[in-house]
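Student: Supplied structure: final.pdb, PDB, C-alpha atoms and all ligand atoms.
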MODEL        1
ATOM      1  CA  MET V  12     -12.524 -45.734  37.600  1.00  0.00           C
ATOM      2  CA  ASN V  13     -11.398 -44.088  34.371  1.00  0.00           C
ATOM      3  CA  ALA V  14     -12.861 -40.801  33.066  1.00  0.00           C
ATOM      4  CA  LEU V  15     -15.495 -42.538  30.916  1.00  0.00           C
ATOM      5  CA  LEU V  16     -16.734 -44.626  33.840  1.00  0.00           C
ATOM      6  CA  ILE V  17     -16.884 -41.534  36.071  1.00  0.00           C
ATOM      7  CA  ALA V  18     -18.826 -39.637  33.375  1.00  0.00           C
ATOM      8  CA  GLY V  19     -21.088 -42.678  32.829  1.00  0.00           C
ATOM      9  CA  SER V  20     -21.926 -43.122  36.510  1.00  0.00           C
ATOM     10  CA  SER V  21     -22.507 -39.344  36.929  1.00  0.00           C
ATOM     11  CA  ILE V  22     -24.950 -39.308  33.996  1.00  0.00           C
ATOM     12  CA  VAL V  23     -26.669 -42.436  35.348  1.00  0.00           C
ATOM     13  CA  THR V  24     -27.030 -40.580  38.670  1.00  0.00           C
ATOM     14  CA  LEU V  25     -28.858 -37.822  36.749  1.00  0.00           C
ATOM     15  CA  ALA V  26     -31.107 -40.577  35.378  1.00  0.00           C
ATOM     16  CA  LEU V  27     -31.776 -41.665  38.982  1.00  0.00           C
ATOM     17  CA  ILE V  28     -32.905 -38.125  39.875  1.00  0.00           C
ATOM     18  CA  PHE V  29     -35.117 -37.746  36.763  1.00  0.00           C
ATOM     19  CA  TYR V  30     -36.682 -41.206  37.068  1.00  0.00           C
ATOM     20  CA  SER V  31     -37.333 -40.719  40.791  1.00  0.00           C
ATOM     21  CA  ILE V  32     -39.078 -37.353  40.309  1.00  0.00           C
ATOM     22  CA  GLY V  33     -41.177 -38.656  37.379  1.00  0.00           C
ATOM     23  CA  ILE V  34     -42.098 -42.059  38.726  1.00  0.00           C
ATOM     24  CA  LEU V  35     -42.716 -41.103  42.343  1.00  0.00           C
ATOM     25  CA  THR V  36     -45.045 -38.352  41.065  1.00  0.00           C
ATOM     26  CA  GLU V  37     -46.879 -40.874  38.851  1.00  0.00           C
ATOM     27  CA  GLN V  38     -47.163 -43.373  41.716  1.00  0.00           C
ATOM     28  CA  ARG V  39     -48.613 -40.738  44.037  1.00  0.00           C
ATOM     29  CA  ARG V  40     -50.965 -38.898  41.675  1.00  0.00           C
ATOM     30  CA  LYS V  41     -51.706 -41.681  39.148  1.00  0.00           C
ATOM     31  CA  GLN V  42     -51.697 -39.114  36.347  1.00  0.00           C
ATOM     32  CA  LEU V  43     -49.942 -39.239  32.985  1.00  0.00           C
ATOM     33  CA  SER V  44     -49.017 -35.553  33.015  1.00  0.00           C
ATOM     34  CA  LEU V  45     -46.371 -33.989  30.763  1.00  0.00           C
ATOM     35  CA  PHE V  46     -44.405 -33.360  33.969  1.00  0.00           C
ATOM     36  CA  VAL V  47     -44.241 -37.117  34.646  1.00  0.00           C
ATOM     37  CA  LEU V  48     -43.502 -38.053  31.024  1.00  0.00           C
ATOM     38  CA  GLY V  49     -40.900 -35.303  30.631  1.00  0.00           C
ATOM     39  CA  PHE V  50     -38.916 -36.475  33.658  1.00  0.00           C
ATOM     40  CA  VAL V  51     -39.174 -40.169  32.777  1.00  0.00           C
ATOM     41  CA  THR V  52     -38.059 -39.444  29.183  1.00  0.00           C
ATOM     42  CA  ALA V  53     -35.107 -37.342  30.408  1.00  0.00           C
ATOM     43  CA  GLY V  54     -34.255 -40.321  32.662  1.00  0.00           C
ATOM     44  CA  VAL V  55     -34.190 -42.727  29.699  1.00  0.00           C
ATOM     45  CA  VAL V  56     -31.972 -40.388  27.652  1.00  0.00           C
ATOM     46  CA  CYS V  57     -29.472 -40.132  30.545  1.00  0.00           C
ATOM     47  CA  ASP V  58     -29.758 -43.879  31.245  1.00  0.00           C
ATOM     48  CA  ILE V  59     -28.878 -44.804  27.624  1.00  0.00           C
ATOM     49  CA  SER V  60     -26.025 -42.258  27.424  1.00  0.00           C
ATOM     50  CA  GLY V  61     -24.582 -43.275  30.820  1.00  0.00           C
ATOM     51  CA  THR V  62     -24.779 -46.991  29.978  1.00  0.00           C
ATOM     52  CA  LEU V  63     -23.036 -46.455  26.617  1.00  0.00           C
ATOM     53  CA  LEU V  64     -20.227 -44.561  28.376  1.00  0.00           C
ATOM     54  CA  MET V  65     -19.890 -47.395  30.911  1.00  0.00           C
ATOM     55  CA  ILE V  66     -19.741 -50.039  28.164  1.00  0.00           C
ATOM     56  CA  ILE V  67     -16.976 -48.079  26.376  1.00  0.00           C
ATOM     57  CA  GLY V  68     -15.221 -47.227  29.676  1.00  0.00           C
ATOM     58  CA  SER V  69     -15.183 -50.897  30.718  1.00  0.00           C
ATOM     59  CA  GLY V  70     -13.400 -51.794  27.448  1.00  0.00           C
ATOM     60  CA  PHE V  71     -16.569 -53.459  26.053  1.00  0.00           C
ATOM     61  CA  ARG V  72     -16.828 -56.032  28.850  1.00  0.00           C
ATOM     62  CA  VAL V  73     -20.445 -56.653  28.031  1.00  0.00           C
ATOM     63  CA  LEU V  74     -21.289 -59.901  29.809  1.00  0.00           C
ATOM     64  CA  THR V  75     -20.929 -59.228  33.533  1.00  0.00           C
ATOM     65  CA  LEU V  76     -23.476 -59.527  36.357  1.00  0.00           C
ATOM     66  CA  HIS V  77     -23.697 -55.727  36.710  1.00  0.00           C
ATOM     67  CA  GLY V  78     -23.970 -55.437  32.912  1.00  0.00           C
ATOM     68  CA  LEU V  79     -26.793 -57.995  32.670  1.00  0.00           C
ATOM     69  CA  ILE V  80     -28.767 -56.441  35.528  1.00  0.00           C
ATOM     70  CA  GLY V  81     -28.142 -53.038  33.901  1.00  0.00           C
ATOM     71  CA  TYR V  82     -29.388 -54.058  30.417  1.00  0.00           C
ATOM     72  CA  THR V  83     -32.594 -55.606  31.760  1.00  0.00           C
ATOM     73  CA  ALA V  84     -33.203 -52.561  33.978  1.00  0.00           C
ATOM     74  CA  LEU V  85     -32.630 -50.151  31.081  1.00  0.00           C
ATOM     75  CA  GLY V  86     -34.872 -52.269  28.822  1.00  0.00           C
ATOM     76  CA  GLY V  87     -37.578 -52.260  31.497  1.00  0.00           C
ATOM     77  CA  MET V  88     -37.514 -48.478  31.842  1.00  0.00           C
ATOM     78  CA  LEU V  89     -37.396 -47.910  28.084  1.00  0.00           C
ATOM     79  CA  ALA V  90     -40.481 -50.135  27.639  1.00  0.00           C
ATOM     80  CA  ASP V  91     -42.201 -48.343  30.537  1.00  0.00           C
ATOM     81  CA  THR V  92     -41.544 -44.918  29.003  1.00  0.00           C
ATOM     82  CA  LEU V  93     -42.970 -46.020  25.626  1.00  0.00           C
ATOM     83  CA  LEU V  94     -46.037 -47.559  27.318  1.00  0.00           C
ATOM     84  CA  LEU V  95     -46.661 -44.395  29.370  1.00  0.00           C
ATOM     85  CA  TRP V  96     -46.482 -42.215  26.218  1.00  0.00           C
ATOM     86  CA  LYS V  97     -48.764 -44.639  24.354  1.00  0.00           C
ATOM     87  CA  ALA V  98     -51.332 -44.552  27.171  1.00  0.00           C
ATOM     88  CA  ARG V  99     -51.249 -40.737  27.212  1.00  0.00           C
ATOM     89  CA  LYS V 100     -51.685 -40.576  23.416  1.00  0.00           C
ATOM     90  CA  ARG V 101     -54.776 -42.751  23.766  1.00  0.00           C
ATOM     91  CA  ASN V 102     -56.160 -39.888  25.875  1.00  0.00           C
ATOM     92  CA  GLN V 103     -55.814 -41.849  29.077  1.00  0.00           C
ATOM     93  CA  GLY V 104     -55.405 -39.283  31.843  1.00  0.00           C
ATOM     94  CA  SER V 105     -54.272 -41.974  34.244  1.00  0.00           C
ATOM     95  CA  PRO V 106     -52.450 -45.286  33.712  1.00  0.00           C
ATOM     96  CA  SER V 107     -54.251 -48.658  33.876  1.00  0.00           C
ATOM     97  CA  ARG V 108     -53.721 -50.645  37.098  1.00  0.00           C
ATOM     98  CA  ARG V 109     -51.386 -53.006  35.214  1.00  0.00           C
ATOM     99  CA  LEU V 110     -49.265 -50.186  33.805  1.00  0.00           C
ATOM    100  CA  HIS V 111     -49.156 -48.456  37.195  1.00  0.00           C
ATOM    101  CA  LEU V 112     -47.847 -51.700  38.759  1.00  0.00           C
ATOM    102  CA  TYR V 113     -45.431 -52.373  35.893  1.00  0.00           C
ATOM    103  CA  THR V 114     -43.997 -48.855  36.333  1.00  0.00           C
ATOM    104  CA  ARG V 115     -43.326 -49.573  40.015  1.00  0.00           C
ATOM    105  CA  ILE V 116     -41.658 -52.941  39.325  1.00  0.00           C
ATOM    106  CA  ALA V 117     -39.468 -51.516  36.500  1.00  0.00           C
ATOM    107  CA  TYR V 118     -38.367 -48.637  38.763  1.00  0.00           C
ATOM    108  CA  VAL V 119     -37.502 -50.909  41.731  1.00  0.00           C
ATOM    109  CA  TRP V 120     -35.507 -53.224  39.414  1.00  0.00           C
ATOM    110  CA  TRP V 121     -33.691 -50.181  38.003  1.00  0.00           C
ATOM    111  CA  ILE V 122     -32.751 -49.117  41.558  1.00  0.00           C
ATOM    112  CA  VAL V 123     -31.311 -52.642  42.101  1.00  0.00           C
ATOM    113  CA  ALA V 124     -29.171 -52.153  38.946  1.00  0.00           C
ATOM    114  CA  TYR V 125     -28.021 -48.742  40.176  1.00  0.00           C
ATOM    115  CA  LEU V 126     -27.083 -50.166  43.597  1.00  0.00           C
ATOM    116  CA  SER V 127     -25.211 -53.039  41.917  1.00  0.00           C
ATOM    117  CA  GLY V 128     -23.024 -50.391  40.235  1.00  0.00           C
ATOM    118  CA  VAL V 129     -22.433 -48.546  43.519  1.00  0.00           C
ATOM    119  CA  ILE V 130     -21.564 -51.782  45.393  1.00  0.00           C
ATOM    120  CA  MET V 131     -19.307 -53.043  42.579  1.00  0.00           C
ATOM    121  CA  SER V 132     -17.327 -49.808  42.339  1.00  0.00           C
ATOM    122  CA  MET V 133     -16.955 -49.606  46.156  1.00  0.00           C
ATOM    123  CA  SER V 134     -15.665 -53.176  46.403  1.00  0.00           C
ATOM    124  CA  ARG V 135     -12.936 -52.624  43.825  1.00  0.00           C
TER     125      ARG V 135
HETATM  126  C1  LIG V 201     -28.983 -48.593  36.397  1.00  0.00           C
HETATM  127  C2  LIG V 201     -27.858 -47.958  36.244  1.00  0.00           C
HETATM  128  C3  LIG V 201     -26.675 -48.582  35.550  1.00  0.00           C
HETATM  129  C4  LIG V 201     -26.614 -49.260  34.367  1.00  0.00           C
HETATM  130  C5  LIG V 201     -27.763 -49.519  33.388  1.00  0.00           C
HETATM  131  C6  LIG V 201     -25.228 -49.664  34.166  1.00  0.00           C
HETATM  132  C7  LIG V 201     -24.747 -50.396  33.085  1.00  0.00           C
HETATM  133  C8  LIG V 201     -23.440 -50.781  32.918  1.00  0.00           C
HETATM  134  C9  LIG V 201     -22.951 -51.623  31.840  1.00  0.00           C
HETATM  135  C10 LIG V 201     -23.822 -52.207  30.732  1.00  0.00           C
HETATM  136  C11 LIG V 201     -21.618 -51.780  32.005  1.00  0.00           C
HETATM  137  C12 LIG V 201     -20.653 -52.582  31.105  1.00  0.00           C
HETATM  138  C13 LIG V 201     -20.540 -53.990  31.605  1.00  0.00           C
HETATM  139  C14 LIG V 201     -19.606 -54.133  32.806  1.00  0.00           C
HETATM  140  O1  LIG V 201     -18.430 -53.788  32.679  1.00  0.00           O
HETATM  141  O2  LIG V 201     -20.086 -54.564  33.877  1.00  0.00           O
HETATM  142  C15 LIG V 201     -21.226 -51.062  33.195  1.00  0.00           C
HETATM  143  C16 LIG V 201     -19.956 -50.982  33.731  1.00  0.00           C
HETATM  144  C17 LIG V 201     -19.613 -50.325  34.883  1.00  0.00           C
HETATM  145  N1  LIG V 201     -20.467 -49.628  35.703  1.00  0.00           N
HETATM  146 FE1  LIG V 201     -22.470 -49.428  35.469  1.00  0.00          FE
HETATM  147  N2  LIG V 201     -24.492 -49.207  35.243  1.00  0.00           N
HETATM  148  C18 LIG V 201     -25.337 -48.541  36.111  1.00  0.00           C
HETATM  149  C19 LIG V 201     -24.993 -47.921  37.295  1.00  0.00           C
HETATM  150  C20 LIG V 201     -23.712 -47.769  37.766  1.00  0.00           C
HETATM  151  C21 LIG V 201     -23.342 -47.001  38.910  1.00  0.00           C
HETATM  152  C22 LIG V 201     -24.310 -46.195  39.781  1.00  0.00           C
HETATM  153  C23 LIG V 201     -21.981 -47.102  39.050  1.00  0.00           C
HETATM  154  C24 LIG V 201     -21.031 -46.498  40.068  1.00  0.00           C
HETATM  155  C25 LIG V 201     -21.339 -45.623  40.979  1.00  0.00           C
HETATM  156  C26 LIG V 201     -21.504 -47.951  37.982  1.00  0.00           C
HETATM  157  C27 LIG V 201     -20.190 -48.312  37.783  1.00  0.00           C
HETATM  158  C28 LIG V 201     -19.725 -49.088  36.737  1.00  0.00           C
HETATM  159  C29 LIG V 201     -18.323 -49.485  36.581  1.00  0.00           C
HETATM  160  C30 LIG V 201     -17.158 -49.120  37.503  1.00  0.00           C
HETATM  161  C31 LIG V 201     -18.262 -50.261  35.409  1.00  0.00           C
HETATM  162  C32 LIG V 201     -17.007 -50.931  34.791  1.00  0.00           C
HETATM  163  C33 LIG V 201     -16.867 -52.342  35.321  1.00  0.00           C
HETATM  164  C34 LIG V 201     -15.625 -53.034  34.783  1.00  0.00           C
HETATM  165  O3  LIG V 201     -14.899 -52.497  33.960  1.00  0.00           O
HETATM  166  O4  LIG V 201     -15.418 -54.165  35.243  1.00  0.00           O
HETATM  167  N3  LIG V 201     -22.584 -48.332  37.220  1.00  0.00           N
HETATM  168  N4  LIG V 201     -22.358 -50.471  33.734  1.00  0.00           N
ENDMDL
END
How does this structure look as structure tokens?
Tutor:
Amino acid sequence: MNALLIAGSSIVTLALIFYSIGILTEQRRKQLSLFVLGFVTAGVVCDISGTLLMIIGSGFRVLTLHGLIGYTALGGMLADTLLLWKARKRNQGSPSRRLHLYTRIAYVWWIVAYLSGVIMSMSR
């Protein structure tokens, strides 16, 4: 892995930590606290930055299996973050059942994308 790919995967690992703290807290407490939203938002920022570094580091090889899983996972988490903020702004202290479930599915799919990166870089 070149320096950009190492930096990208390290920043994506930070996203893993932030997402996990934020989303596991939301799943347990079912509350849209600033703690939850702060961690999930920090996760998205790291996710976008890490992905951009990986795209550049791969020499703009955009259409790969890992890339496609990664884009959908990032899109899913970005949408989730916006929906969680929107629900909080509407003075909802806790997410709807649908949003709570969507959050779980988006997170699990994101973990699949993360693992696809780990497996791909180990099998090189
Ligand atoms: C959900 C988290 C992740 C996302 C959204 C993501 C996204 C991407 C994207 C869009 C690319 C460019 C397309 C490609 O070359 O396949 C890429 C490349 C790459 N990623 Fe990730 N990635 C993630 C996690 C990881 C992890 C955890 C690792 C390693 C530990 C990793 C290692 C790599 C490597 C080595 C490349 C370059 C592949 C090549 O040049 O053929 N990725 N990633």
Student: Please find the residues contacting ligand LIG 201 (chain V) at a distance of at most 6 Å between atoms, with all atoms listed in the file counted, and report them as an mmCIF file with C-alpha atoms, in the frame of the given file.
Tutor:
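Below is the file that was written, result-v2.cif:
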data_model
loop_
_atom_site.group_PDB
_atom_site.id
_atom_site.type_symbol
_atom_site.label_atom_id
_atom_site.label_comp_id
_atom_site.auth_asym_id
_atom_site.auth_seq_id
_atom_site.Cartn_x
_atom_site.Cartn_y
_atom_site.Cartn_z
ATOM 1 C CA MET V 12 -12.524 -45.734 37.600
ATOM 2 C CA LEU V 16 -16.734 -44.626 33.840
ATOM 3 C CA SER V 20 -21.926 -43.122 36.510
ATOM 4 C CA VAL V 23 -26.669 -42.436 35.348
ATOM 5 C CA THR V 62 -24.779 -46.991 29.978
ATOM 6 C CA MET V 65 -19.890 -47.395 30.911
ATOM 7 C CA ILE V 66 -19.741 -50.039 28.164
ATOM 8 C CA SER V 69 -15.183 -50.897 30.718
ATOM 9 C CA ARG V 72 -16.828 -56.032 28.850
ATOM 10 C CA VAL V 73 -20.445 -56.653 28.031
ATOM 11 C CA THR V 75 -20.929 -59.228 33.533
ATOM 12 C CA HIS V 77 -23.697 -55.727 36.710
ATOM 13 C CA GLY V 78 -23.970 -55.437 32.912
ATOM 14 C CA GLY V 81 -28.142 -53.038 33.901
ATOM 15 C CA TYR V 82 -29.388 -54.058 30.417
ATOM 16 C CA LEU V 85 -32.630 -50.151 31.081
ATOM 17 C CA TRP V 121 -33.691 -50.181 38.003
ATOM 18 C CA ALA V 124 -29.171 -52.153 38.946
ATOM 19 C CA TYR V 125 -28.021 -48.742 40.176
ATOM 20 C CA GLY V 128 -23.024 -50.391 40.235
ATOM 21 C CA VAL V 129 -22.433 -48.546 43.519
ATOM 22 C CA SER V 132 -17.327 -49.808 42.339
#
Student: Nearest to Met131 (chain V): which of V:Val119, V:Val47, V:Leu76, V:Ile17 is it, counting all atoms listed in the file?
Tutor: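 That would be V:Leu76, the residue with the smallest distance to Met131 (chain V).
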Student: Give the padded box for region 41-59 of chain V as lines of an AutoDock Vina configuration file: axis-aligned, covering all atoms listed in the file, 6 Å on each side, centre and edge lengths in Å to one decimal.
Tutor:
center_x = -40.3
center_y = -39.1
center_z = 33.4
size_x = 34.8
size_y = 23.4
size_z = 23.5
Student: Carefully work through the PyMOL selection byres (((chain V and resi 87) around 10) and not hetatm) for this structure and note down the residues it includes, as a PyMOL selection string.
Tutor: chain V and resi 81-86+88-92+113-114+116-118+120-121
Student: Take CA of Ser21 (chain V) and CA of Ala53 (chain V) and report the distance between them in Å, one decimal.
Tutor: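 Result for CA of Ser21 (chain V) versus CA of Ala53 (chain V): 14.3 Å, one decimal.
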Student: How many Å separate CA of Ile59 (chain V) from CA of Leu35 (chain V)?
Tutor: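 So the two atoms, CA of Ile59 (chain V) and CA of Leu35 (chain V), lie 20.5 Å apart.
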Student: From the list V:Leu64, V:Ile122, V:Met133, V:Val51, which residue is nearest Leu94 (chain V) when using only C-alpha atoms?
Tutor: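 Nearest to Leu94 (chain V): V:Val51.
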Student: Can you turn the PyMOL selection byres (((chain V and resi 96-98) around 12) and not hetatm) into a concrete residue list for this file, as a short mmCIF file (atom, residue, chain, number, x, y, z; two decimals) with C-alpha atoms, in the frame of the given file?
Tutor:
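Dumped to expr_5.cif:
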data_model
loop_
_atom_site.label_atom_id
_atom_site.label_comp_id
_atom_site.auth_asym_id
_atom_site.auth_seq_id
_atom_site.Cartn_x
_atom_site.Cartn_y
_atom_site.Cartn_z
CA GLN V 42 -51.70 -39.11 36.35
CA LEU V 43 -49.94 -39.24 32.98
CA SER V 44 -49.02 -35.55 33.02
CA LEU V 45 -46.37 -33.99 30.76
CA PHE V 46 -44.40 -33.36 33.97
CA VAL V 47 -44.24 -37.12 34.65
CA LEU V 48 -43.50 -38.05 31.02
CA GLY V 49 -40.90 -35.30 30.63
CA VAL V 51 -39.17 -40.17 32.78
CA THR V 52 -38.06 -39.44 29.18
CA LEU V 89 -37.40 -47.91 28.08
CA ALA V 90 -40.48 -50.14 27.64
CA ASP V 91 -42.20 -48.34 30.54
CA THR V 92 -41.54 -44.92 29.00
CA LEU V 93 -42.97 -46.02 25.63
CA LEU V 94 -46.04 -47.56 27.32
CA LEU V 95 -46.66 -44.40 29.37
CA ARG V 99 -51.25 -40.74 27.21
CA LYS V 100 -51.68 -40.58 23.42
CA ARG V 101 -54.78 -42.75 23.77
CA ASN V 102 -56.16 -39.89 25.88
CA GLN V 103 -55.81 -41.85 29.08
CA GLY V 104 -55.40 -39.28 31.84
CA SER V 105 -54.27 -41.97 34.24
CA PRO V 106 -52.45 -45.29 33.71
CA SER V 107 -54.25 -48.66 33.88
CA ARG V 108 -53.72 -50.64 37.10
CA ARG V 109 -51.39 -53.01 35.21
CA LEU V 110 -49.26 -50.19 33.80
CA HIS V 111 -49.16 -48.46 37.20
#
Student: CA of Phe29 (chain V) to CA of Leu15 (chain V): how many Å, to one decimal?
Tutor: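 Separation of CA of Phe29 (chain V) and CA of Leu15 (chain V): 21.0 Å.
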